[in-house]
Amino acid sequence: MNLKDTIVALATPAGAGAIAVIRVSGTDAVSIVAPLFRAKSKKDLANEPSHTLHLGNIVDEKRILDEVLVSIFHGPRSYTGENTIEISCHGSPYIQQEIIQLLVRKGCRSAEAGEFTLRSFLNGKMDLSQAEAVADLISSENQASHQLAMQQMRGGFSNEIKKLREELLNFASLIELELDFAEEDVEFANRDQFSQLVMRIQKVLQKLVDSFSVGNVIKNGIPVAIVGEPNVGKSTLLNALLNEERAIVSEIAGTTRDTIEDEISIGGIGFRFIDTAGIRETEDVVESIGIKRTFEKISQAQVVLYLFDTSRLRHPEINTEVHPTRHPELVSRSNSSKESAGPTLEQVKVEIGKIRNQFPQKPLLILANKIDQLTDKEVDFLRSQVSDLMSISAKTGEGVEELQNKLLEFVNTGELRNNNTIVTNSRHYNALLQALEEINKVQEGLNANLSGDLLAIDIRQALYHFGEITGEITNDDLLGNIFANFCIGK
Ligand SMILES: Nc1nc2c(c(=O)[nH]1)N(C=O)[C@@H](CNc1ccc(C(=O)N[C@@H](CCC(=O)O)C(=O)O)cc1)CN2
Ligand SMILES: Nc1nc2c(ncn2[C@@H]2O[C@H](COP(=O)(O)OP(=O)(O)OP(=O)(O)O)[C@@H](O)[C@H]2O)c(=O)[nH]1
Ligand SMILES: [Mg+2]
């Protein structure tokens, strides 16, 4: 990738649209486009001031390709920091390609993925964490992830890091200066002040490191596993939550064999719901693989929803000696297969206990489903038996909204509301962890009255990790990795 080239790419999505924007950036942007542009006002584009907009035609020799609007940005006053021209043409894929090919013939190179933003970074228009936020912003699909990306793009996080880095750098220089006067036993860096700074940095770093658990979840969606025995209504609940017929629902136990997942935003937060294969003893090879996967999904989930079917509970108070007038369909079901009668409430509690034992840290919501089949008295009885019970009907939607509210309670959105800095990027998280480790060493060194040269080594290491975040320290591989995940034209 030659960064001296003038590059061109479609900035809007591929395909037909009302209007498409083609972006040209680099030293020759203006000198390449100006001769191809015939302004209505006869002006020469090359003489126009920055941040102005011009109507005219794009012409290839004598042929008019399109009537367009052209905007001009003189470097360094542009997104990339280079000369930039944007051509807004009619949104036909044919016109887009004709104009782009014309520009390539006249000396532009097709841009690589993320190259405009890479140049913006290299030209000092933004730091690395801000550039990464641009990609997050484009992919944000709900209010929370949008807010975090926006915050990061505006530099909130980088500024915090940069300030700490500068203060630390000051002390590092003072300590290193002492080394030059080793014989004279001077102390330029006041150890008490330094120790205070180190403690402040530890606090900030720890806060940022801790925020990742929230940030990561907000960025990627909170995984919620829906589990329970076959046929209890897991897929019906998934569909109700997603408001879409996403999973197949049937009265046949074992319908869902593999996990199905999809994401939806509730209250501005993304939730990823994972419908799983019903858990039961089975000889069926495929089904048992599905069940194994269910347990994997539980371990990956942030919250687990355990469903059971109230209409099949065997219990004196709740039984399926059904009221024939209310549920004629159930009469035939329970009559035809006595052996398929469901578990007792005690057995359900045992099953829930097993999951609790296996995943002690995981919030587990117990959902008594199909309450539309019960009388109010039966529902009351159920609630009195299981304290943390939510009763729902996935089929009628009863209780689903309460469930959504309950799910929102699991997300600590306080930090988000308080506008605290939240780390969302695992690269930043790793760098922060490493910086914290080094800072802890510095603190230990101070406590142990370590000599300046040894302190300086750990300080330099910490500085290195700070620099990784904002991009003062970087390398081609890292940049390649980050920007390769961008779309072309960004
Ligand atoms: N048409 C268009 N829309 C766009 C972009 C773009 O590049 N082109 N952006 C691309 O992501 C975003 C806006 N970001 C931009 C950031 C800086 C400058 C710019 O010209 N900066 C100059 C001048 C600042 C000023 O005069 O206030 C500078 O930084 O010096 C332009 C767009 C979203 N919308
Ligand atoms: N009356 C009533 N029926 C329900 C309710 N929820 C689900 N059902 C029915 O129960 C049956 C099983 O529903 P599914 O959603 O396929 O159950 P599942 O837990 O995904 O089953 P598997 O995928 O086989 O493990 C279907 O006939 C649904 O219509 C409910 O709240 N009330
Ligand atoms: Mg299912």
# chains A, B, ... in the order shown; residues from 1 in each chain; ligands from 1
call {"tool": "residues_around", "arguments": {"residues": "range 9-21 of chain A", "least_positions_apart": "5", "cutoff": "7 Å", "atoms": "only C-alpha atoms", "output": "list in words"}}
result
Glu86, Ile87, Ser88, Cys89, His90, Gly91, Ser92, Pro93, Ser110, Ala111, Ile488, Gly489 and Lys490 of chain A
call {"tool": "residues_around", "arguments": {"residues": "Pro343 in chain A", "least_positions_apart": "3", "cutoff": "7 Å", "atoms": "only C-alpha atoms", "output": "list in words"}}
result
Leu313, Arg314, Gln347 and Val348 of chain A
call {"tool": "residues_near_ligand", "arguments": {"ligand": "ligand 3", "cutoff": "7 Å", "atoms": "only C-alpha atoms and all ligand atoms", "output": "PyMOL selection string"}}
result
chain A and resi 231+233-235+247-249+254-256+275-278
call {"tool": "residues_around", "arguments": {"residues": "range 192-204 of chain A", "least_positions_apart": "6", "cutoff": "12 Å", "atoms": "only C-alpha atoms", "output": "ChimeraX atom specification"}}
result
/A:157,160-172,174-175,210-211,420-423,432-449,455,458-459,462-463,466
call {"tool": "residues_near_ligand", "arguments": {"ligand": "ligand 1", "cutoff": "8 Å", "atoms": "only C-alpha atoms and all ligand atoms", "output": "ChimeraX atom specification"}}
result
/A:21,23,51,73,75-81,86,117,125,134,490
call {"tool": "atom_distance", "arguments": {"atom1": "atom 4 (C, counted along the ligand's line) of ligand 2", "atom2": "CA of Lys370 in chain A"}}
result
5.3 Å
call {"tool": "residues_around", "arguments": {"residues": "Val224 in chain A", "least_positions_apart": "6", "cutoff": "9 Å", "atoms": "only C-alpha atoms", "output": "list in words"}}
result
Phe271, Arg272, Phe273, Ile274, Asp275, Lys297, Ile298, Gln300, Ala301, Gln302, Val303, Val304, Leu305 and Leu407 of chain A
call {"tool": "residues_near_ligand", "arguments": {"ligand": "ligand 2", "cutoff": "10 Å", "atoms": "only C-alpha atoms and all ligand atoms", "output": "PyMOL selection string"}}
result
chain A and resi 226-240+247-259+275-280+287+291+307-311+327+329-330+368-374+391-399
call {"tool": "write_last_selection", "arguments": {"atoms": "C-alpha atoms", "output": "compact mmCIF listing (two decimals), in the first residue's frame"}}
result
# COMPACT_ATOMS: atom_id res chain seq x y z
CA ILE A 226 -33.05 -20.26 26.87
CA VAL A 227 -32.98 -23.78 28.30
CA GLY A 228 -35.29 -26.44 29.64
CA GLU A 229 -36.80 -29.83 28.84
CA PRO A 230 -38.12 -30.55 25.36
CA ASN A 231 -41.43 -29.03 24.39
CA VAL A 232 -41.67 -26.54 27.24
CA GLY A 233 -41.92 -23.59 24.83
CA LYS A 234 -38.32 -22.37 24.45
CA SER A 235 -38.59 -21.68 20.73
CA THR A 236 -41.97 -20.05 21.24
CA LEU A 237 -40.34 -17.71 23.77
CA LEU A 238 -37.45 -16.94 21.40
CA ASN A 239 -39.93 -15.96 18.72
CA ALA A 240 -41.91 -13.84 21.18
CA ALA A 247 -37.40 -20.84 15.22
CA ILE A 248 -39.64 -23.74 14.31
CA VAL A 249 -42.26 -24.44 16.95
CA SER A 250 -44.13 -27.73 17.14
CA GLU A 251 -45.80 -29.98 19.64
CA ILE A 252 -43.17 -32.62 18.91
CA ALA A 253 -40.59 -32.87 21.67
CA GLY A 254 -37.06 -32.48 20.29
CA THR A 255 -37.96 -30.03 17.53
CA THR A 256 -34.95 -27.78 18.09
CA ARG A 257 -31.81 -29.82 17.57
CA ASP A 258 -29.18 -27.16 17.17
CA THR A 259 -28.90 -23.78 18.83
CA ASP A 275 -32.62 -21.02 21.82
CA THR A 276 -31.26 -24.46 22.66
CA ALA A 277 -32.12 -28.10 22.21
CA GLY A 278 -34.33 -29.39 25.02
CA ILE A 279 -32.41 -31.19 27.77
CA ARG A 280 -33.35 -34.85 28.31
CA GLU A 287 -30.13 -34.80 19.66
CA ILE A 291 -27.86 -31.14 24.20
CA LEU A 307 -38.34 -22.76 31.27
CA PHE A 308 -40.69 -25.41 32.48
CA ASP A 309 -44.15 -26.39 31.35
CA THR A 310 -46.75 -25.73 34.03
CA SER A 311 -49.49 -27.48 32.12
CA HIS A 327 -58.84 -27.10 27.28
CA GLU A 329 -57.10 -30.30 23.28
CA LEU A 330 -55.37 -31.19 26.53
CA ALA A 368 -43.07 -21.08 34.54
CA ASN A 369 -44.41 -21.20 31.01
CA LYS A 370 -47.87 -21.92 29.63
CA ILE A 371 -49.65 -20.24 32.52
CA ASP A 372 -52.48 -19.56 30.10
CA GLN A 373 -53.37 -23.17 30.87
CA LEU A 374 -53.69 -22.59 34.61
CA SER A 391 -44.75 -16.93 35.27
CA ILE A 392 -45.23 -16.35 31.58
CA SER A 393 -47.02 -17.55 28.54
CA ALA A 394 -44.70 -17.45 25.56
CA LYS A 395 -47.65 -18.19 23.33
CA THR A 396 -49.93 -15.33 24.39
CA GLY A 397 -47.08 -12.99 25.31
CA GLU A 398 -48.23 -12.70 28.91
CA GLY A 399 -45.33 -11.75 31.19
call {"tool": "select_by_dssp", "arguments": {"residues": "range 133-352 of chain A", "states": "helix (DSSP H, G or I)", "output": "MDAnalysis selection string"}}
result
chainID A and resid 133:139 143:153 156:180 182:184 191:220 234:242 285:300 310:312 328:336 338:340 345:352
call {"tool": "write_last_selection", "arguments": {"atoms": "C-alpha atoms", "output": "CSV table (one decimal), in the first residue's frame"}}
result
chain,number,residue,atom,x,y,z
A,133,ALA,CA,-14.2,3.9,17.2
A,134,VAL,CA,-15.1,4.9,13.6
A,135,ALA,CA,-15.5,1.2,12.7
A,136,ASP,CA,-17.5,0.6,15.9
A,137,LEU,CA,-19.8,3.5,15.1
A,138,ILE,CA,-20.5,2.2,11.6
A,139,SER,CA,-21.5,-1.2,13.0
A,143,GLN,CA,-28.4,3.3,21.4
A,144,ALA,CA,-25.9,1.9,23.9
A,145,SER,CA,-23.2,0.7,21.5
A,146,HIS,CA,-23.7,3.9,19.5
A,147,GLN,CA,-23.2,6.1,22.6
A,148,LEU,CA,-20.0,4.2,23.5
A,149,ALA,CA,-18.5,4.4,20.0
A,150,MET,CA,-19.4,8.1,19.8
A,151,GLN,CA,-17.7,8.8,23.1
A,152,GLN,CA,-14.6,7.0,22.0
A,153,MET,CA,-14.5,8.7,18.6
A,156,GLY,CA,-12.9,10.9,25.8
A,157,PHE,CA,-11.0,7.7,26.5
A,158,SER,CA,-7.8,8.7,24.6
A,159,ASN,CA,-7.6,12.0,26.5
A,160,GLU,CA,-7.7,10.2,29.8
A,161,ILE,CA,-4.9,7.8,28.7
A,162,LYS,CA,-2.9,10.5,27.1
A,163,LYS,CA,-2.9,12.7,30.3
A,164,LEU,CA,-1.7,9.8,32.5
A,165,ARG,CA,0.9,8.9,29.9
A,166,GLU,CA,2.3,12.5,29.9
A,167,GLU,CA,2.4,12.7,33.7
A,168,LEU,CA,4.2,9.3,33.9
A,169,LEU,CA,6.5,10.3,31.1
A,170,ASN,CA,7.5,13.4,33.2
A,171,PHE,CA,8.5,11.3,36.1
A,172,ALA,CA,10.3,8.8,33.9
A,173,SER,CA,12.4,11.6,32.5
A,174,LEU,CA,13.2,13.0,35.9
A,175,ILE,CA,14.2,9.5,37.2
A,176,GLU,CA,16.3,8.9,34.1
A,177,LEU,CA,18.0,12.3,34.6
A,178,GLU,CA,19.0,11.1,38.1
A,179,LEU,CA,20.9,8.3,36.5
A,180,ASP,CA,23.1,10.8,34.8
A,182,ALA,CA,24.5,8.8,39.8
A,183,GLU,CA,27.6,9.8,41.8
A,184,GLU,CA,26.0,12.9,43.3
A,191,ARG,CA,9.3,9.8,45.6
A,192,ASP,CA,6.2,10.8,47.6
A,193,GLN,CA,4.7,12.7,44.7
A,194,PHE,CA,5.5,9.9,42.4
A,195,SER,CA,4.0,7.3,44.6
A,196,GLN,CA,0.8,9.4,44.7
A,197,LEU,CA,0.7,9.6,40.9
A,198,VAL,CA,1.3,5.9,40.7
A,199,MET,CA,-1.7,5.2,43.0
A,200,ARG,CA,-3.9,7.6,41.0
A,201,ILE,CA,-2.9,5.8,37.8
A,202,GLN,CA,-3.6,2.4,39.4
A,203,LYS,CA,-7.1,3.6,40.3
A,204,VAL,CA,-7.9,4.9,36.9
A,205,LEU,CA,-6.5,1.8,35.2
A,206,GLN,CA,-8.4,-0.5,37.5
A,207,LYS,CA,-11.7,1.4,36.8
A,208,LEU,CA,-11.1,1.1,33.1
A,209,VAL,CA,-10.2,-2.6,33.2
A,210,ASP,CA,-13.4,-3.2,35.3
A,211,SER,CA,-15.5,-1.3,32.8
A,212,PHE,CA,-14.7,-3.8,30.1
A,213,SER,CA,-17.1,-6.4,31.4
A,214,VAL,CA,-19.9,-3.9,30.8
A,215,GLY,CA,-18.4,-2.5,27.7
A,216,ASN,CA,-17.8,-5.8,26.0
A,217,VAL,CA,-21.3,-6.9,26.7
A,218,ILE,CA,-22.8,-3.7,25.4
A,219,LYS,CA,-20.8,-3.9,22.2
A,220,ASN,CA,-21.5,-7.5,21.5
A,234,LYS,CA,-38.3,-22.4,24.5
A,235,SER,CA,-38.6,-21.7,20.7
A,236,THR,CA,-42.0,-20.0,21.2
A,237,LEU,CA,-40.3,-17.7,23.8
A,238,LEU,CA,-37.5,-16.9,21.4
A,239,ASN,CA,-39.9,-16.0,18.7
A,240,ALA,CA,-41.9,-13.8,21.2
A,241,LEU,CA,-38.8,-12.0,22.3
A,242,LEU,CA,-37.6,-11.4,18.8
A,285,VAL,CA,-27.0,-39.2,18.5
A,286,VAL,CA,-27.9,-35.9,16.8
A,287,GLU,CA,-30.1,-34.8,19.7
A,288,SER,CA,-27.5,-35.6,22.2
A,289,ILE,CA,-24.9,-33.5,20.3
A,290,GLY,CA,-27.5,-30.7,20.5
A,291,ILE,CA,-27.9,-31.1,24.2
A,292,LYS,CA,-24.1,-31.1,24.7
A,293,ARG,CA,-24.1,-27.8,22.8
A,294,THR,CA,-26.8,-26.5,25.1
A,295,PHE,CA,-24.5,-26.8,28.0
A,296,GLU,CA,-21.8,-25.0,26.1
A,297,LYS,CA,-24.2,-22.2,25.4
A,298,ILE,CA,-25.1,-22.0,29.1
A,299,SER,CA,-21.5,-21.6,30.0
A,300,GLN,CA,-21.1,-18.8,27.5
A,310,THR,CA,-46.7,-25.7,34.0
A,311,SER,CA,-49.5,-27.5,32.1
A,312,ARG,CA,-47.8,-30.8,32.5
A,328,PRO,CA,-60.4,-29.7,25.1
A,329,GLU,CA,-57.1,-30.3,23.3
A,330,LEU,CA,-55.4,-31.2,26.5
A,331,VAL,CA,-57.9,-33.8,27.4
A,332,SER,CA,-56.9,-36.0,24.5
A,333,ARG,CA,-53.2,-35.3,25.1
A,334,SER,CA,-53.2,-36.4,28.8
A,335,ASN,CA,-55.6,-39.2,28.2
A,336,SER,CA,-53.7,-40.7,25.3
A,338,LYS,CA,-50.3,-41.3,30.6
A,339,GLU,CA,-46.6,-42.1,30.7
A,340,SER,CA,-45.8,-38.7,29.1
A,345,LEU,CA,-42.5,-29.4,41.0
A,346,GLU,CA,-39.9,-31.1,43.2
A,347,GLN,CA,-38.3,-32.7,40.1
A,348,VAL,CA,-38.3,-29.3,38.4
A,349,LYS,CA,-36.5,-27.9,41.4
A,350,VAL,CA,-33.9,-30.6,41.2
A,351,GLU,CA,-33.2,-29.9,37.6
A,352,ILE,CA,-32.8,-26.2,38.4
call {"tool": "residues_around", "arguments": {"residues": "Glu115 in chain A", "least_positions_apart": "3", "cutoff": "12 Å", "atoms": "only C-alpha atoms", "output": "NGL selection string"}}
result
:A and (1-9 or 11 or 23-26 or 79-80 or 109-112 or 118-123 or 131 or 479-480 or 482-490)
call {"tool": "select_by_dssp", "arguments": {"residues": "range 289-487 of chain A", "states": "strand (DSSP E)", "output": "PyMOL selection string"}}
result
chain A and resi 303-309+364-369+389-391
call {"tool": "atom_distance", "arguments": {"atom1": "CA of Gln385 in chain A", "atom2": "CA of Tyr306 in chain A"}}
result
15.9 Å
call {"tool": "decode", "arguments": {"residues": "range 32-60 of chain A", "atoms": "N, CA and C atoms", "output": "PDB file, in the first residue's frame"}}
result
ATOM      1  N   ILE A  32      -6.468  15.917 -10.359  1.00  0.00           N
ATOM      2  CA  ILE A  32      -7.030  14.837 -11.195  1.00  0.00           C
ATOM      3  C   ILE A  32      -8.494  15.115 -11.519  1.00  0.00           C
ATOM      4  N   VAL A  33      -9.258  15.576 -10.536  1.00  0.00           N
ATOM      5  CA  VAL A  33     -10.704  15.729 -10.765  1.00  0.00           C
ATOM      6  C   VAL A  33     -11.022  17.013 -11.540  1.00  0.00           C
ATOM      7  N   ALA A  34     -10.317  18.093 -11.253  1.00  0.00           N
ATOM      8  CA  ALA A  34     -10.670  19.389 -11.849  1.00  0.00           C
ATOM      9  C   ALA A  34     -10.838  19.338 -13.374  1.00  0.00           C
ATOM     10  N   PRO A  35      -9.904  18.707 -14.121  1.00  0.00           N
ATOM     11  CA  PRO A  35     -10.068  18.688 -15.584  1.00  0.00           C
ATOM     12  C   PRO A  35     -11.257  17.842 -16.060  1.00  0.00           C
ATOM     13  N   LEU A  36     -11.773  16.971 -15.184  1.00  0.00           N
ATOM     14  CA  LEU A  36     -12.894  16.109 -15.589  1.00  0.00           C
ATOM     15  C   LEU A  36     -14.230  16.741 -15.236  1.00  0.00           C
ATOM     16  N   PHE A  37     -14.190  17.883 -14.582  1.00  0.00           N
ATOM     17  CA  PHE A  37     -15.404  18.497 -14.064  1.00  0.00           C
ATOM     18  C   PHE A  37     -15.704  19.801 -14.800  1.00  0.00           C
ATOM     19  N   ARG A  38     -16.900  19.894 -15.402  1.00  0.00           N
ATOM     20  CA  ARG A  38     -17.329  21.138 -16.068  1.00  0.00           C
ATOM     21  C   ARG A  38     -18.379  21.793 -15.188  1.00  0.00           C
ATOM     22  N   ALA A  39     -17.961  22.827 -14.453  1.00  0.00           N
ATOM     23  CA  ALA A  39     -18.911  23.504 -13.560  1.00  0.00           C
ATOM     24  C   ALA A  39     -19.956  24.252 -14.364  1.00  0.00           C
ATOM     25  N   LYS A  40     -21.183  24.261 -13.875  1.00  0.00           N
ATOM     26  CA  LYS A  40     -22.258  25.040 -14.516  1.00  0.00           C
ATOM     27  C   LYS A  40     -21.839  26.503 -14.607  1.00  0.00           C
ATOM     28  N   SER A  41     -21.122  26.961 -13.555  1.00  0.00           N
ATOM     29  CA  SER A  41     -20.727  28.373 -13.490  1.00  0.00           C
ATOM     30  C   SER A  41     -19.434  28.644 -14.257  1.00  0.00           C
ATOM     31  N   LYS A  42     -18.918  27.604 -14.944  1.00  0.00           N
ATOM     32  CA  LYS A  42     -17.672  27.697 -15.732  1.00  0.00           C
ATOM     33  C   LYS A  42     -16.413  27.882 -14.862  1.00  0.00           C
ATOM     34  N   LYS A  43     -16.598  27.869 -13.534  1.00  0.00           N
ATOM     35  CA  LYS A  43     -15.427  28.047 -12.674  1.00  0.00           C
ATOM     36  C   LYS A  43     -14.476  26.858 -12.799  1.00  0.00           C
ATOM     37  N   ASP A  44     -13.187  27.125 -12.543  1.00  0.00           N
ATOM     38  CA  ASP A  44     -12.226  26.025 -12.481  1.00  0.00           C
ATOM     39  C   ASP A  44     -12.167  25.540 -11.036  1.00  0.00           C
ATOM     40  N   LEU A  45     -12.489  24.254 -10.855  1.00  0.00           N
ATOM     41  CA  LEU A  45     -12.537  23.667  -9.512  1.00  0.00           C
ATOM     42  C   LEU A  45     -11.235  23.915  -8.746  1.00  0.00           C
ATOM     43  N   ALA A  46     -10.130  23.878  -9.487  1.00  0.00           N
ATOM     44  CA  ALA A  46      -8.809  23.972  -8.850  1.00  0.00           C
ATOM     45  C   ALA A  46      -8.633  25.285  -8.095  1.00  0.00           C
ATOM     46  N   ASN A  47      -9.405  26.318  -8.475  1.00  0.00           N
ATOM     47  CA  ASN A  47      -9.243  27.620  -7.807  1.00  0.00           C
ATOM     48  C   ASN A  47     -10.245  27.843  -6.694  1.00  0.00           C
ATOM     49  N   GLU A  48     -11.104  26.857  -6.439  1.00  0.00           N
ATOM     50  CA  GLU A  48     -12.178  27.077  -5.461  1.00  0.00           C
ATOM     51  C   GLU A  48     -11.685  26.821  -4.041  1.00  0.00           C
ATOM     52  N   PRO A  49     -12.249  27.596  -3.102  1.00  0.00           N
ATOM     53  CA  PRO A  49     -11.809  27.419  -1.704  1.00  0.00           C
ATOM     54  C   PRO A  49     -12.282  26.092  -1.102  1.00  0.00           C
ATOM     55  N   SER A  50     -11.661  25.744   0.015  1.00  0.00           N
ATOM     56  CA  SER A  50     -12.009  24.494   0.702  1.00  0.00           C
ATOM     57  C   SER A  50     -13.434  24.546   1.236  1.00  0.00           C
ATOM     58  N   HIS A  51     -14.027  23.374   1.402  1.00  0.00           N
ATOM     59  CA  HIS A  51     -15.378  23.234   1.951  1.00  0.00           C
ATOM     60  C   HIS A  51     -16.414  24.014   1.150  1.00  0.00           C
ATOM     61  N   THR A  52     -16.317  23.915  -0.177  1.00  0.00           N
ATOM     62  CA  THR A  52     -17.361  24.496  -1.030  1.00  0.00           C
ATOM     63  C   THR A  52     -17.935  23.395  -1.912  1.00  0.00           C
ATOM     64  N   LEU A  53     -19.137  23.662  -2.426  1.00  0.00           N
ATOM     65  CA  LEU A  53     -19.904  22.654  -3.158  1.00  0.00           C
ATOM     66  C   LEU A  53     -20.226  23.194  -4.547  1.00  0.00           C
ATOM     67  N   HIS A  54     -20.081  22.341  -5.578  1.00  0.00           N
ATOM     68  CA  HIS A  54     -20.214  22.837  -6.949  1.00  0.00           C
ATOM     69  C   HIS A  54     -21.038  21.887  -7.801  1.00  0.00           C
ATOM     70  N   LEU A  55     -21.924  22.480  -8.597  1.00  0.00           N
ATOM     71  CA  LEU A  55     -22.761  21.685  -9.501  1.00  0.00           C
ATOM     72  C   LEU A  55     -22.143  21.681 -10.893  1.00  0.00           C
ATOM     73  N   GLY A  56     -22.121  20.521 -11.525  1.00  0.00           N
ATOM     74  CA  GLY A  56     -21.576  20.465 -12.885  1.00  0.00           C
ATOM     75  C   GLY A  56     -21.632  19.055 -13.444  1.00  0.00           C
ATOM     76  N   ASN A  57     -20.934  18.834 -14.556  1.00  0.00           N
ATOM     77  CA  ASN A  57     -20.911  17.518 -15.188  1.00  0.00           C
ATOM     78  C   ASN A  57     -19.538  16.877 -15.037  1.00  0.00           C
ATOM     79  N   ILE A  58     -19.545  15.556 -14.935  1.00  0.00           N
ATOM     80  CA  ILE A  58     -18.297  14.801 -15.049  1.00  0.00           C
ATOM     81  C   ILE A  58     -18.209  14.353 -16.501  1.00  0.00           C
ATOM     82  N   VAL A  59     -17.128  14.709 -17.164  1.00  0.00           N
ATOM     83  CA  VAL A  59     -16.999  14.369 -18.581  1.00  0.00           C
ATOM     84  C   VAL A  59     -15.743  13.529 -18.834  1.00  0.00           C
ATOM     85  N   ASP A  60     -15.934  12.534 -19.718  1.00  0.00           N
ATOM     86  CA  ASP A  60     -14.828  11.675 -20.144  1.00  0.00           C
ATOM     87  C   ASP A  60     -14.582  12.031 -21.600  1.00  0.00           C
TER      88      ASP A  60
END
